[in-house]
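Report on one structure; see the data block that follows.
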Amino acid sequence: MSIIEVTNLTKYYGKSRGIVDVSFKEEEGEIFGFIGPNGAGKSTTIRLLLSLIHPTSGSARVFGKDVTTHGPEIRRDIGYLPSEVFYYEGMKVIDLLKYSASFYGKDCTERLHELSEYMELELNRRISDLSYGNKKKVGIVQGLLHSPKLLLLDEPTAGLDPLMQRKFFDLIRKENTRGVTVFFSSHILGEVQRLCTRVGIIREGRIVEISDIRTLQQDNYKKVNVTAAGLDQATFALPGVTNVQVEDGTLHFFFKGDINAVLKKLSSLKLSDVTIEEPTLEEIFMHYYE
Amino acid sequence: MNIFIRELKANLKSLLIWSGVMLLLILVGTAKFSAYYNNPSMLAILDTFPKAMIDAMSLKTFNLTTVIGFFGLMFLYFGLMGGIAAAMWGSDIISKEERDRTVEFSLVLPVSRSRVITAKALAALVNCVLFVLVTWGGSLVAVQSYKPDQAFYDYLTLEMEAMFVLELLFLAIGLMLGCVMKQYKRSGSTAVAIILTAYFLSVMSGMQEKLDFLKYFTPFKYFDAGELLRSGKMDAVYLFISAAIIVVSVVAAYWVYNKRDLYI
């Protein structure tokens, strides 16, 4: 059974597009990256999964149950971290967390304190006095304190300083090794690359690609950097070579195809340096968006 | 239960402010009344007022030199304030979650939307009950120096019952607006606009015979203080209309809120 199963999911807000015909599956224990620029439909998808909004057509199932009919039951095992967190301003952090915990029918006190300590959260401050980043920390603790089986993260790192981001990623990884499934939406590819096993790329409301992060990087392109005397644009005029750039006597290009062709060409040159590497997701991503 | 208690706490300040204003109104009212009390020359002054004004303020029904008469006049303010407070509580308790964007927290918790409405409506209802009790208690204390008779106490009880029905009515309408309206920011002001319109309709229907039919459209005429004094009870037809409006509003609130998208 898939943890998330989305089938031809479509959402229009009146006439404006949310998402169109989105289908994907996420299996138990996966960390699924959901990448796309702002406005592509990432948040719409997540809000549909949480039944905050209802689909125009298509369906979504979480833990095998339909989201529109089994919302409360499904949400019992979901932890959600939105990109911007909003809580009742007048409440103290500890009261808000206890309030949140009271809905899950189990004792979360120990975990509450554990997580708060880990995230360096001050429990006695009022929500209204917190900075953006500190509110985000409250969001992380609140999203995790009931030990959810599925984490929905919507651009979760916004507002966190690099140190906290790293702590947060470690936390997510730790949760994942305990068997928690993670759905991670982001427009920052670096973080998706660090964390995710599989990615879906969404653009203008539609899924353009779903693949294993390794296949996306390995099977497609190699990034080649060559430094040698007398290089120009035409030196590597081979089939499969794209994005050729010359910069300070170094030639950069992407290559897709039989790598031996490139190696052969390389061996005929007098090189001072060469690297052949996997392109970053960022570079592949730009390719999808060109 | 947790939502209910949180809402009670969150609305306590509003209840205290409304109660304070109500007590102040009663205090100022009874202070002014001391000038009318057992003072026939005041009646002569009232007789010189234009007829339209007398009708608009329904002054002719009441003998303002008695405690009963004076509280007949005061009911207007009780009803108006009770209605406005209830409508604001009803609409705000739902729409504030979208306004403050906390809906992305509160409705991601494992609760159904119906459970949220029920808990919140009950919290607002408790506020309404307490508001009536404050008004009642304040009135009882304020009139002690005039040593009113049993007839006054009976009438005050009836007034408080009528105020409560008005509160229920506008609470239900406010709740519906909060649940149904797309422009959640306006649900509170819409609720108040409806009340003020209803109030002016009731004033107009009192001023002109031709406009008498308007009385069915304004809850303030359902429970007219003069009528309550004359008959000694609330009109069954109007009670029925009120109940119907309440049921329709509440059903619409649950139905639409369960179906609609939340605005985030």
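Chain identifiers are assigned as A, B, and so on, following the order in which chains appear in the structure tokens; residues are numbered from 1 within each chain, and ligands are numbered from 1 in order of appearance.
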Would you give me, as an NGL selection string, the residues of chain B that come within 10 Å of chain A, using only C-alpha atoms?
:B and (1-3 or 6 or 10 or 97 or 100-113 or 259-264)
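A straight line drawn from CA of Thr157 in chain A to CA of Glu26 in chain A is 21.6 Å long.
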